[in-house]
Amino acid sequence: MSTIAAISTAPGVGGIGIIRLSGEDTFKIIEKIFIPKNKNKEIKGYNFKYGHIINPKTKEIIDEVLVSYFIKPRSYTTENMCEINSHGGNIVMENILEICLENGAELAEPGEFTKRAFLNGRIDLSQAESIIDIINSKTQKESKASIKQLEGFLSRKVKSIKDKIMDVMVDIEADIDYPEYNLEGVTEKKASNMLEDVKKDLLDLKNTFDNGKIIKDGIKIAIIGKPNAGKSSLLNALLREDRAIVSQYKGTTRDSIEELMNIDGVPIKIIDTAGIRNAADEVEKIGIQRAKEIANDADLLIAIFDISDKIDDEDLEIIDLIKDRKAIVVLNKMDLVDENCKIDDRILNLNKKIVKISALNKDGIEQINKTISDIFKINEINIDNEVIVTNTRHKNLINKAIESTNNAQISLENNMPMDIVAIDIKNILENLGEITGENVSDNIINEIFSKFCLGK
Amino acid sequence: MKYNAGDYDVAVIGAGHAGCEAALAAARIGMKTVIFSISLEAVANMPCNPHIGGSSKGHLVREIDALGGEMAKNIDKTLIQIKMLNTSKGPAVHSLRAQADRKRYQMEMKHTIEKQENLDIKQAEITKINIKDDKVESIETSVGAVYHVKAVILATGTYLKGKIFMGEFSKESGPDGVFAANELSDCLKDLGIKIVRFKTGTPARINKKTIDFSKMEIQEGDKDIIPFSFTDKAPNIEQVPCYLTYTNEKTHEIIRKNLDRSPLFSGEISGTGPRYCPSIEDKVVRFADKKRHQIFVEPVGLDTDEMYIQGMSSSLPEDVQIEMYRTIPGLEHCEFTRSAYAIEYDCIDPLELQLSLEHKKYKGLFFAGQINGTSGYEEAASQGLIAGINAAREIQEKDPIILHRYDGYIGVLIDDIVTKGTNEPYRMMTSRAEYRLLLRQDNADLRLTDIGHEVGLISDERYKKFLEKKKDIEEEKERIRNKTIKPTEKVNEFLEKHNSSKINNGVKLAELLRRTELTYEDLKEIDDDRPDLSEQVKEEVEIQIKYEGYIKLQNQQVEKAKKLENKLLPDDINYEAIGGIRIEARQKLSKLRPRSVGQASRISGVSPADISVILIYLEQLKRSKKGE
């Protein structure tokens with residue numbers, strides 16, 4: 001297989017970045033582009049070398065780095081690997097990657113390191129999924145959640161739910177398989193109590209996904225407002241609060257720019273409509289239409305109004321746009337009006353959280369951060385205490401388990417015979433079993449024999 | 001001195017429940033067949049319990065019938081009590097269980113075999129199987145007769161190196177005092193077939209006149225008899241009751257006091273016993289806090305006063321057995337006719353078999369029944385039938401019949417043992433079937449008669465009747481789905497009477513049938529143009545409509561599973577050459593050589609990741625073949 005290279009840290013976050021190489025030619029490529037301080041040529045696995053990355057053509061020094069070596073098969077992909085720890089920012093890392101590619105490496109496809117690890121038998125599917133999440137994690141919080149999942153927090157929680165189900169399931173099944181023994185079986189009441197209990201647990205677990213999603217994908221915010229309401233000033237003010245970890249890169253929406261900031265460790269993506277301004281000259285005409293498109297894509301809208309001005313048709317369109325959405329109303333240019341000036345009823349009637357600011361003087365910016373944090377309950381997301389479902393596959397399985405629980409409850413209400421109810425209950429176990437990878441039937445049978453005394 | 005004793009297509013070794021089905025199936029398909037038993041008095045013997053069926057086992061018997069096997073018909077002719085179990089628990093787990101007249105069951109089966117065209121039955125001990133170029137060539141009896149055969153089906157039950165234990169006493173013996181077969185398993189060993197040791201046991205038999213039944217609960221059979229076979233009429237018989245009594249602290253005390261005399265606890269028995277079939281001493285030790293255990297007293301036949309004491313299987317010494325049995329209410333003065341014993345025997349590791357029950361290495365060598373590590377008459381008969389069919393089909397150069405897990409309990413049973421193996425005698429249970437609602441005892445004929453007919457075990461006449469039944473079911477379902485019931489006074493009065501909510505608009509009859517409180521029979525009152533249909537058709541219509549939603553869901557699951565089952569793995573697949581499969585999985589796959597990706601996914605130690613890799617590999621293989 002070819003030797004691949006990629007920047008393995010997410011763009012824009014932090015001052016340290018890692019470029020990873022994997023494949024047969026890894027060490028050859030490194031030898032060409034890396035001048036270690038210590039001239040000793042011996043390569044040892046799990047070892048660092050300090051030195052400089054150079055451009056072999058120009059002999060120009062690109063960055064001061066640490067290179068770690070992993071000798072096959074004792075590496076993540078089970079191939080020869082190196083990791084270049086660069087101190088540079090985005091541009092430097094791009095440069096280093098380019099040099100790797102010029103000297104024999106191929107650009108890795110997304111997830112290709114994990115795919116190789118997986119295809120080489122290094123990791124199993126659930127580990128792979130979790131590691132993919134680690135790779136994609138953009139902030140510390142998320143990385144913590146991924147590691148916890150890997151360590152089995154989720155498995156343990158799921159197991160405790162399964163135990164509750166199994167307890168009832170075994171009674172039903174033993175009674176079916178050994179009808180001649182007067183086993184107690186399971187009353188509808190007992191089954192119904194269990195299902196209620198399990199459903200609550202599953203819903204709790206599911207809710208952690210929404211938090212998980214916030215940590216993983218971040219919160220997408222669009223600032224909308226008519227031209228000159230102060231969108232750009234607000235954006236700059238917001239970003240300036242956290243300049244150290246702000247960077248600019250091309251957003252997913254065409255001709256828009258996403259800015260990245262962070263509130264209490266949660267990544268916030270602000271879709272910068274200012275980007276549109278650069279893309280088109282007739283800003284006035286396309287402004288609202290574009291804002292609508294962008295608003296569709298956002299988790300939260302910040303609608304900005306000029307309080308020193310009267311509400312006009314364009315403002316009304318903005319009001320219409322946010323009325324059924326998660327939104328914050330920001331009243332800008334407080335520096336131009338009296339502190340207690342009257343707010344238009346049409347804005348008040350929206351019943352949205354209102355923040356008064358002066359983008360010019362940077363007044364009230366902290367309040368916006370706090371409001372965002374409150375709306376998404378960012379402070380309540382406590383990675384250390386919470387089981388967090390960050391993986392969509394796991395969430396789907398939990399959703400399926402909830403659906404199976406609902407079905408079992410419906411079957412019970414409809415007075416279906418216990419073995420029909422048991423089919424639904426077994427489905428819950430199957431759904432959860434797919435998360436932890438266990439065979440449900442074998443478990444039930446083992447439990448039957450450990451719990452009951454049956455047979456000739 | 002060896003002599004040439006003749007040629008056969010198929011030879012069946014052992015005439016228990018597996019052997020009888022195997023021999024009858026092969027002969028009926030048209031193979032020249034011979035069946036051997038060490039003693040012809042032991043044909044279709046029930047050395048353990050005297051009943052056929054039970055939860056999930058009743059399903060097996062019905063499936064055997066649908067495929068054209070004999071067990072259902074034989075028990076219908078010889079049953080002395082029958083019950084439909086689990087009737088309060090929903091249609092999927094209804095199951096028949098019958099007390100057999102043991103001797104008559106044996107005689108009837110033996111006679112059926114004797115009368116069968118293409119089939120010879122012989123009393124002999126087979127001591128050797130000769131294999132040439134990995135293919136079965138001939139078999140030899142202990143007295144030197146050599147039979148040239150194309151296929152051999154081993155159905156040796158508990159006879160191979162059988163050894164019985166009763167406390168300190170032990171001796172080499174088959175079940176029920178018949179000789180053990182001591183040479184054949186050495187022959188298997190020489191062929192490189194792995195031999196494991198399992199054990200089982202049986203309780204004592206007691207003379208009826210020494211039992212006080214007034215101290216026991218009486219257990220009657222069903223008033224309306226539903227026979228096992230789809231084509232049999234209910235036999236007109238007087239049923240014989242069973243009885244229920246319990247052990248007590250005194251019983252347990254005697255057991256505990258004498259545990260050191262049990263070969264199970266002293267370590268003399270090395271074989272693995274089944275958890276679901278524990279001896280009474282096992283139960284007392286494992287469930288120490290249980291104050292009493294159920295004991296069933298079952299008749300063994302009409303022409304005998306021997307009673308079978310279910311729940312009291314034991315390997316304790318005879319004197320201890322007598323002492324403990326006499327602590328049980330009703331058995332205070334009991335006299336044993338036969339004592340309880342444990343039996344240890346050789347069997348093979350079923351992982352060496354294909355889903356057809358043929359050995360993976362040796363062509364023409366089939367295994368069925370207890371030798372494969374299973375337990376139970378019904379489990380044995382199921383395998384015997386499939387082995388018989390597939391031995392015949394191999395000779396006919398036809399593809400083997402493989403029942404999938406969604407086809408029947410037989411499919412589940414065979415898939416389980418040849419894919420996962422078993423470390424204790426394997427018993428069928430409804431919990432083992434993932435598509436339980438589809439694998440009902442009432443629809444076994446709908447599931448399997450086509451296959452039975454295709455292989456030649458279901459006559460054209462029976463098949464024609466079956467197709468009519470199927471048509472009746474479909475037509476009646478269609479009628480019920482389309483018939484509108486109007487909200488007349490009569491209808492609402494009817495609904496009220498059955499505690500069912502009234503209707504304001506016209507509803508389809510099928511809608512009303514889906515209500516749990518209304519049965520097909522109830523609805524007759526408001527269903528004036530109802531056709532005259534058989535009980536079987538009515539039952540089927542009712543279940544299929546009532547549980548339609550659930551059935552549909554399971555059918556969807558089956559469709560999903562079929563995709564993996566239908567992805568066959570090439571015979572020459574080299575797992576060593578597929579990068580990315582973990583070592584454990586690679587070893588297991590290389591050894592077990594599963595037939596399909598579905599089967600591979602059930603092998604322990606093969607992870608979903610390994611399956612993904614195999615799928616990627618198969619895809620690559622397909623593409624590269626296309627490219628050629």
# chains A, B, ... in the order shown; residues from 1 in each chain; ligands from 1
>>> select_by_dssp(residues="range 396-601 of chain B", states="alpha helix (DSSP H)", output="MDAnalysis selection string")
chainID B and resid 409:420 444:455 460:482 489:497 509:514 520:523 535:546 548:565 583:592 597:601
>>> interface_residues(of="chain B", to="chain A", cutoff="9 Å", atoms="only C-alpha atoms", output="PDB file with C-alpha atoms, in the first residue's frame")
ATOM      1  CA  ASN B  49     -38.407 -40.152  29.274  1.00  0.00           C
ATOM      2  CA  GLY B  54     -42.818 -30.254  24.679  1.00  0.00           C
ATOM      3  CA  SER B  55     -42.055 -26.591  24.264  1.00  0.00           C
ATOM      4  CA  SER B  56     -40.176 -26.104  20.965  1.00  0.00           C
ATOM      5  CA  LEU B  85     -48.792 -26.500  26.045  1.00  0.00           C
ATOM      6  CA  ASN B  86     -48.565 -22.735  26.485  1.00  0.00           C
ATOM      7  CA  SER B  88     -52.330 -18.988  27.342  1.00  0.00           C
ATOM      8  CA  LYS B  89     -49.154 -17.532  25.944  1.00  0.00           C
ATOM      9  CA  GLY B  90     -49.737 -16.776  22.317  1.00  0.00           C
ATOM     10  CA  PRO B  91     -49.626 -18.766  19.105  1.00  0.00           C
ATOM     11  CA  ALA B  92     -45.883 -18.869  18.519  1.00  0.00           C
ATOM     12  CA  VAL B  93     -45.166 -20.941  21.582  1.00  0.00           C
ATOM     13  CA  HIS B  94     -48.089 -23.352  21.516  1.00  0.00           C
ATOM     14  CA  GLY B 201     -28.948 -39.582  32.962  1.00  0.00           C
ATOM     15  CA  THR B 202     -32.303 -41.035  33.684  1.00  0.00           C
ATOM     16  CA  PRO B 203     -34.429 -41.460  36.815  1.00  0.00           C
ATOM     17  CA  ARG B 275     -27.667 -27.737  32.480  1.00  0.00           C
ATOM     18  CA  TYR B 276     -31.308 -28.180  31.565  1.00  0.00           C
ATOM     19  CA  CYS B 277     -31.302 -31.817  32.467  1.00  0.00           C
ATOM     20  CA  PRO B 278     -29.606 -31.831  35.841  1.00  0.00           C
ATOM     21  CA  SER B 279     -29.691 -34.741  38.191  1.00  0.00           C
ATOM     22  CA  ILE B 280     -31.554 -34.211  41.441  1.00  0.00           C
ATOM     23  CA  LYS B 283     -30.341 -29.313  41.575  1.00  0.00           C
ATOM     24  CA  ARG B 286     -26.914 -25.563  42.655  1.00  0.00           C
ATOM     25  CA  PHE B 287     -30.194 -24.302  44.049  1.00  0.00           C
ATOM     26  CA  LYS B 290     -34.978 -24.060  47.013  1.00  0.00           C
ATOM     27  CA  HIS B 293     -38.507 -29.531  43.402  1.00  0.00           C
ATOM     28  CA  GLN B 294     -41.313 -30.684  41.142  1.00  0.00           C
ATOM     29  CA  ILE B 295     -41.522 -34.393  40.387  1.00  0.00           C
ATOM     30  CA  PHE B 296     -43.749 -35.751  37.616  1.00  0.00           C
ATOM     31  CA  ILE B 309     -40.300 -40.388  37.713  1.00  0.00           C
ATOM     32  CA  GLN B 310     -39.354 -37.172  35.935  1.00  0.00           C
ATOM     33  CA  GLY B 311     -37.188 -34.817  37.977  1.00  0.00           C
ATOM     34  CA  MET B 312     -35.346 -37.516  39.893  1.00  0.00           C
ATOM     35  CA  SER B 313     -32.522 -38.378  37.544  1.00  0.00           C
ATOM     36  CA  MET B 429     -35.622 -24.036  23.168  1.00  0.00           C
ATOM     37  CA  THR B 430     -37.942 -21.422  21.750  1.00  0.00           C
ATOM     38  CA  SER B 431     -35.536 -18.741  22.974  1.00  0.00           C
ATOM     39  CA  ARG B 432     -32.987 -19.995  20.481  1.00  0.00           C
ATOM     40  CA  ALA B 433     -35.174 -19.025  17.523  1.00  0.00           C
ATOM     41  CA  GLU B 434     -34.945 -15.379  16.536  1.00  0.00           C
ATOM     42  CA  TYR B 435     -37.968 -15.503  14.250  1.00  0.00           C
ATOM     43  CA  ARG B 436     -40.190 -17.293  16.701  1.00  0.00           C
ATOM     44  CA  LEU B 437     -43.432 -15.764  15.535  1.00  0.00           C
ATOM     45  CA  ARG B 515     -59.091  -7.063  18.556  1.00  0.00           C
ATOM     46  CA  THR B 516     -57.651  -9.330  21.238  1.00  0.00           C
ATOM     47  CA  GLU B 517     -61.035  -9.893  22.868  1.00  0.00           C
ATOM     48  CA  TYR B 547     -50.820 -10.946  14.463  1.00  0.00           C
ATOM     49  CA  TYR B 550     -45.936  -8.534  14.165  1.00  0.00           C
ATOM     50  CA  GLY B 579      -5.615  -9.004   4.977  1.00  0.00           C
ATOM     51  CA  GLY B 580      -7.476  -7.398   7.793  1.00  0.00           C
ATOM     52  CA  ILE B 581      -9.180 -10.376   9.366  1.00  0.00           C
ATOM     53  CA  ARG B 582      -8.012 -10.736  12.918  1.00  0.00           C
ATOM     54  CA  ILE B 583      -6.001 -13.844  13.700  1.00  0.00           C
ATOM     55  CA  SER B 607     -16.572  -9.830  14.783  1.00  0.00           C
ATOM     56  CA  PRO B 608     -18.712  -7.510  12.665  1.00  0.00           C
ATOM     57  CA  ALA B 609     -15.429  -5.904  11.595  1.00  0.00           C
ATOM     58  CA  ASP B 610     -14.209  -9.240  10.225  1.00  0.00           C
ATOM     59  CA  SER B 612     -17.025  -6.169   6.855  1.00  0.00           C
ATOM     60  CA  VAL B 613     -13.591  -7.162   5.689  1.00  0.00           C
TER      61      VAL B 613
END
>>> residues_around(residues="range 18-24 of chain A", least_positions_apart="3", cutoff="7 Å", atoms="only C-alpha atoms", output="ChimeraX atom specification")
/A:1-9,79-86,97
>>> write_last_selection(atoms="N, CA and C atoms", output="compact mmCIF listing (two decimals), in the first residue's frame")
# COMPACT_ATOMS: atom_id res chain seq x y z
N MET A 1 0.84 -1.21 0.00
CA MET A 1 0.00 0.00 0.00
C MET A 1 0.87 1.25 0.00
N SER A 2 0.31 2.27 -0.55
CA SER A 2 1.05 3.53 -0.66
C SER A 2 1.26 4.17 0.72
N THR A 3 2.13 5.15 0.75
CA THR A 3 2.34 5.89 1.99
C THR A 3 1.46 7.14 1.95
N ILE A 4 0.73 7.33 3.02
CA ILE A 4 -0.21 8.45 3.02
C ILE A 4 0.19 9.48 4.07
N ALA A 5 -0.25 10.71 3.86
CA ALA A 5 0.03 11.78 4.80
C ALA A 5 -1.18 12.68 4.91
N ALA A 6 -1.34 13.25 6.10
CA ALA A 6 -2.44 14.21 6.28
C ALA A 6 -2.20 15.00 7.56
N ILE A 7 -2.82 16.17 7.61
CA ILE A 7 -2.83 16.92 8.86
C ILE A 7 -3.86 16.26 9.74
N SER A 8 -3.46 15.78 10.90
CA SER A 8 -4.43 15.01 11.67
C SER A 8 -5.05 15.82 12.81
N THR A 9 -4.64 17.08 12.96
CA THR A 9 -5.37 17.90 13.93
C THR A 9 -6.35 18.76 13.16
N GLU A 79 1.29 -0.11 10.19
CA GLU A 79 2.33 0.15 9.20
C GLU A 79 3.40 1.04 9.84
N ASN A 80 4.49 1.25 9.13
CA ASN A 80 5.45 2.24 9.61
C ASN A 80 4.77 3.61 9.65
N MET A 81 5.00 4.32 10.75
CA MET A 81 4.33 5.62 10.87
C MET A 81 5.24 6.65 11.49
N CYS A 82 5.00 7.90 11.13
CA CYS A 82 5.63 9.03 11.82
C CYS A 82 4.58 10.09 12.10
N GLU A 83 4.80 10.81 13.19
CA GLU A 83 3.96 11.97 13.44
C GLU A 83 4.86 13.17 13.60
N ILE A 84 4.59 14.19 12.79
CA ILE A 84 5.38 15.43 12.89
C ILE A 84 4.60 16.41 13.74
N ASN A 85 5.15 16.71 14.92
CA ASN A 85 4.50 17.69 15.80
C ASN A 85 5.03 19.07 15.46
N SER A 86 4.17 19.86 14.82
CA SER A 86 4.61 21.18 14.36
C SER A 86 4.11 22.24 15.31
N LEU A 97 2.93 19.50 4.94
CA LEU A 97 2.19 18.45 4.23
C LEU A 97 2.57 18.44 2.75
>>> residues_around(residues="Gln587 in chain B", least_positions_apart="4", cutoff="12 Å", atoms="only C-alpha atoms", output="list in words")
Asn574, Tyr575, Glu576, Ile578, Ile581, Arg582, Ile583, Lys591, Leu592, Arg593, Ile603, Ser604, Gly605, Val606 and Asp610 of chain B
>>> closest_residue(among="B:Ile480, B:Val418, B:Ile401, B:Ile348", to="Pro531 in chain B", atoms="only C-alpha atoms")
B:Ile480
>>> select_by_dssp(residues="range 379-556 of chain B", states="strand (DSSP E)", output="PyMOL selection string")
chain B and resi 484-485+507-508
>>> atom_distance(atom1="CA of Asp176 in chain B", atom2="CA of His252 in chain B")
26.7 Å
>>> residues_around(residues="Ala100 in chain B", least_positions_apart="4", cutoff="9 Å", atoms="only C-alpha atoms", output="VMD selection string")
chain B and resid 50 to 52 75 to 76 78 to 82 104 to 105 299 to 301
>>> residues_around(residues="Glu525 in chain B", least_positions_apart="5", cutoff="10 Å", atoms="only C-alpha atoms", output="PyMOL selection string")
chain B and resi 490-491+494+520+530
>>> write_last_selection(atoms="N, CA and C atoms", output="compact mmCIF listing (two decimals), in the first residue's frame")
# COMPACT_ATOMS: atom_id res chain seq x y z
N LYS B 490 -77.45 -5.18 15.91
CA LYS B 490 -77.03 -6.55 16.22
C LYS B 490 -75.51 -6.61 16.43
N VAL B 491 -74.80 -5.94 15.54
CA VAL B 491 -73.34 -5.95 15.63
C VAL B 491 -72.88 -5.31 16.93
N PHE B 494 -73.52 -7.44 19.85
CA PHE B 494 -72.51 -8.51 19.86
C PHE B 494 -71.20 -8.00 20.47
N TYR B 520 -61.96 -15.67 16.01
CA TYR B 520 -62.58 -16.00 14.72
C TYR B 520 -63.91 -16.71 14.96
N ARG B 530 -70.05 -16.95 6.00
CA ARG B 530 -68.79 -17.65 6.29
C ARG B 530 -68.76 -19.03 5.64
>>> residues_around(residues="Asp197 in chain A", least_positions_apart="4", cutoff="10 Å", atoms="only C-alpha atoms", output="PyMOL selection string")
chain A and resi 161+164-165+191-193+201-202
>>> write_last_selection(atoms="C-alpha atoms", output="tab-separated table (two decimals), in the first residue's frame")
chain	number	residue	atom	x	y	z
A	161	ILE	CA	-30.41	-1.13	31.15
A	164	LYS	CA	-33.25	-4.71	33.96
A	165	ILE	CA	-34.79	-6.07	30.76
A	191	ALA	CA	-43.49	-6.08	32.54
A	192	SER	CA	-45.10	-2.68	32.32
A	193	ASN	CA	-43.12	-1.29	35.25
A	201	ASP	CA	-33.21	5.34	31.08
A	202	LEU	CA	-33.14	5.20	27.30
>>> atom_distance(atom1="CA of Lys122 in chain B", atom2="CA of Glu41 in chain B")
11.4 Å
>>> atom_distance(atom1="CA of Tyr426 in chain B", atom2="CA of Ser375 in chain B")
5.6 Å
>>> decode(residues="range 375-466 of chain B", atoms="C-alpha atoms", output="PDB file, in the first residue's frame")
ATOM      1  CA  SER B 375     -30.012 -34.372  23.422  1.00  0.00           C
ATOM      2  CA  GLY B 376     -33.652 -35.261  22.971  1.00  0.00           C
ATOM      3  CA  TYR B 377     -35.572 -37.599  20.699  1.00  0.00           C
ATOM      4  CA  GLU B 378     -37.035 -34.780  18.620  1.00  0.00           C
ATOM      5  CA  GLU B 379     -33.672 -33.102  18.057  1.00  0.00           C
ATOM      6  CA  ALA B 380     -32.257 -36.468  17.005  1.00  0.00           C
ATOM      7  CA  ALA B 381     -35.120 -37.279  14.638  1.00  0.00           C
ATOM      8  CA  SER B 382     -34.842 -33.848  12.998  1.00  0.00           C
ATOM      9  CA  GLN B 383     -31.188 -34.377  12.224  1.00  0.00           C
ATOM     10  CA  GLY B 384     -31.785 -37.949  11.106  1.00  0.00           C
ATOM     11  CA  LEU B 385     -34.344 -36.779   8.590  1.00  0.00           C
ATOM     12  CA  ILE B 386     -32.054 -34.082   7.173  1.00  0.00           C
ATOM     13  CA  ALA B 387     -29.053 -36.434   7.066  1.00  0.00           C
ATOM     14  CA  GLY B 388     -31.161 -39.098   5.323  1.00  0.00           C
ATOM     15  CA  ILE B 389     -32.413 -36.603   2.755  1.00  0.00           C
ATOM     16  CA  ASN B 390     -28.967 -35.186   2.094  1.00  0.00           C
ATOM     17  CA  ALA B 391     -27.234 -38.555   1.870  1.00  0.00           C
ATOM     18  CA  ALA B 392     -29.776 -39.510  -0.771  1.00  0.00           C
ATOM     19  CA  ARG B 393     -29.407 -36.212  -2.576  1.00  0.00           C
ATOM     20  CA  GLU B 394     -25.667 -36.523  -2.692  1.00  0.00           C
ATOM     21  CA  ILE B 395     -26.018 -39.886  -4.396  1.00  0.00           C
ATOM     22  CA  GLN B 396     -28.572 -38.327  -6.741  1.00  0.00           C
ATOM     23  CA  GLU B 397     -26.020 -35.550  -7.361  1.00  0.00           C
ATOM     24  CA  LYS B 398     -28.442 -32.920  -6.182  1.00  0.00           C
ATOM     25  CA  ASP B 399     -27.740 -29.923  -3.958  1.00  0.00           C
ATOM     26  CA  PRO B 400     -28.251 -30.616  -0.255  1.00  0.00           C
ATOM     27  CA  ILE B 401     -31.315 -29.370   1.571  1.00  0.00           C
ATOM     28  CA  ILE B 402     -30.216 -26.641   3.961  1.00  0.00           C
ATOM     29  CA  LEU B 403     -32.888 -25.308   6.270  1.00  0.00           C
ATOM     30  CA  HIS B 404     -32.178 -21.754   7.360  1.00  0.00           C
ATOM     31  CA  ARG B 405     -32.880 -20.253  10.727  1.00  0.00           C
ATOM     32  CA  TYR B 406     -35.949 -18.589   9.245  1.00  0.00           C
ATOM     33  CA  ASP B 407     -37.235 -21.841   7.724  1.00  0.00           C
ATOM     34  CA  GLY B 408     -37.728 -23.740  10.926  1.00  0.00           C
ATOM     35  CA  TYR B 409     -36.513 -24.867  14.324  1.00  0.00           C
ATOM     36  CA  ILE B 410     -34.667 -27.655  12.503  1.00  0.00           C
ATOM     37  CA  GLY B 411     -32.710 -24.929  10.722  1.00  0.00           C
ATOM     38  CA  VAL B 412     -31.951 -23.205  14.008  1.00  0.00           C
ATOM     39  CA  LEU B 413     -30.850 -26.492  15.588  1.00  0.00           C
ATOM     40  CA  ILE B 414     -28.471 -27.531  12.834  1.00  0.00           C
ATOM     41  CA  ASP B 415     -27.112 -24.033  12.288  1.00  0.00           C
ATOM     42  CA  ASP B 416     -26.459 -23.669  16.001  1.00  0.00           C
ATOM     43  CA  ILE B 417     -24.535 -26.894  16.449  1.00  0.00           C
ATOM     44  CA  VAL B 418     -22.449 -26.796  13.283  1.00  0.00           C
ATOM     45  CA  THR B 419     -21.704 -23.070  13.589  1.00  0.00           C
ATOM     46  CA  LYS B 420     -21.274 -22.512  17.287  1.00  0.00           C
ATOM     47  CA  GLY B 421     -20.652 -26.045  18.474  1.00  0.00           C
ATOM     48  CA  THR B 422     -21.866 -27.012  21.901  1.00  0.00           C
ATOM     49  CA  ASN B 423     -20.129 -27.673  25.168  1.00  0.00           C
ATOM     50  CA  GLU B 424     -23.056 -29.521  26.714  1.00  0.00           C
ATOM     51  CA  PRO B 425     -25.773 -31.717  25.210  1.00  0.00           C
ATOM     52  CA  TYR B 426     -27.823 -29.276  23.118  1.00  0.00           C
ATOM     53  CA  ARG B 427     -31.551 -28.996  23.715  1.00  0.00           C
ATOM     54  CA  MET B 428     -33.956 -27.052  21.546  1.00  0.00           C
ATOM     55  CA  MET B 429     -35.622 -24.036  23.168  1.00  0.00           C
ATOM     56  CA  THR B 430     -37.942 -21.422  21.750  1.00  0.00           C
ATOM     57  CA  SER B 431     -35.536 -18.741  22.974  1.00  0.00           C
ATOM     58  CA  ARG B 432     -32.987 -19.995  20.481  1.00  0.00           C
ATOM     59  CA  ALA B 433     -35.174 -19.025  17.523  1.00  0.00           C
ATOM     60  CA  GLU B 434     -34.945 -15.379  16.536  1.00  0.00           C
ATOM     61  CA  TYR B 435     -37.968 -15.503  14.250  1.00  0.00           C
ATOM     62  CA  ARG B 436     -40.190 -17.293  16.701  1.00  0.00           C
ATOM     63  CA  LEU B 437     -43.432 -15.764  15.535  1.00  0.00           C
ATOM     64  CA  LEU B 438     -42.877 -17.087  12.031  1.00  0.00           C
ATOM     65  CA  LEU B 439     -41.773 -20.545  13.162  1.00  0.00           C
ATOM     66  CA  ARG B 440     -45.037 -21.645  14.707  1.00  0.00           C
ATOM     67  CA  GLN B 441     -46.151 -25.224  15.127  1.00  0.00           C
ATOM     68  CA  ASP B 442     -49.409 -24.440  13.326  1.00  0.00           C
ATOM     69  CA  ASN B 443     -47.703 -23.312  10.113  1.00  0.00           C
ATOM     70  CA  ALA B 444     -44.896 -25.888   9.911  1.00  0.00           C
ATOM     71  CA  ASP B 445     -46.659 -27.393   6.864  1.00  0.00           C
ATOM     72  CA  LEU B 446     -46.887 -23.994   5.171  1.00  0.00           C
ATOM     73  CA  ARG B 447     -43.187 -23.493   5.751  1.00  0.00           C
ATOM     74  CA  LEU B 448     -41.848 -26.900   4.772  1.00  0.00           C
ATOM     75  CA  THR B 449     -44.236 -29.022   2.713  1.00  0.00           C
ATOM     76  CA  ASP B 450     -42.844 -27.622  -0.531  1.00  0.00           C
ATOM     77  CA  ILE B 451     -39.401 -28.879   0.425  1.00  0.00           C
ATOM     78  CA  GLY B 452     -40.797 -32.245   1.550  1.00  0.00           C
ATOM     79  CA  HIS B 453     -42.497 -32.619  -1.801  1.00  0.00           C
ATOM     80  CA  GLU B 454     -39.446 -31.523  -3.743  1.00  0.00           C
ATOM     81  CA  VAL B 455     -37.214 -34.114  -2.107  1.00  0.00           C
ATOM     82  CA  GLY B 456     -39.807 -36.819  -2.692  1.00  0.00           C
ATOM     83  CA  LEU B 457     -41.039 -37.484   0.839  1.00  0.00           C
ATOM     84  CA  ILE B 458     -44.442 -35.843   0.475  1.00  0.00           C
ATOM     85  CA  SER B 459     -46.682 -37.699  -1.944  1.00  0.00           C
ATOM     86  CA  ASP B 460     -48.377 -35.866  -4.791  1.00  0.00           C
ATOM     87  CA  GLU B 461     -51.689 -36.662  -3.190  1.00  0.00           C
ATOM     88  CA  ARG B 462     -50.750 -35.085   0.112  1.00  0.00           C
ATOM     89  CA  TYR B 463     -49.191 -32.169  -1.698  1.00  0.00           C
ATOM     90  CA  LYS B 464     -52.364 -31.544  -3.633  1.00  0.00           C
ATOM     91  CA  LYS B 465     -54.354 -31.448  -0.399  1.00  0.00           C
ATOM     92  CA  PHE B 466     -51.788 -29.105   1.054  1.00  0.00           C
TER      93      PHE B 466
END
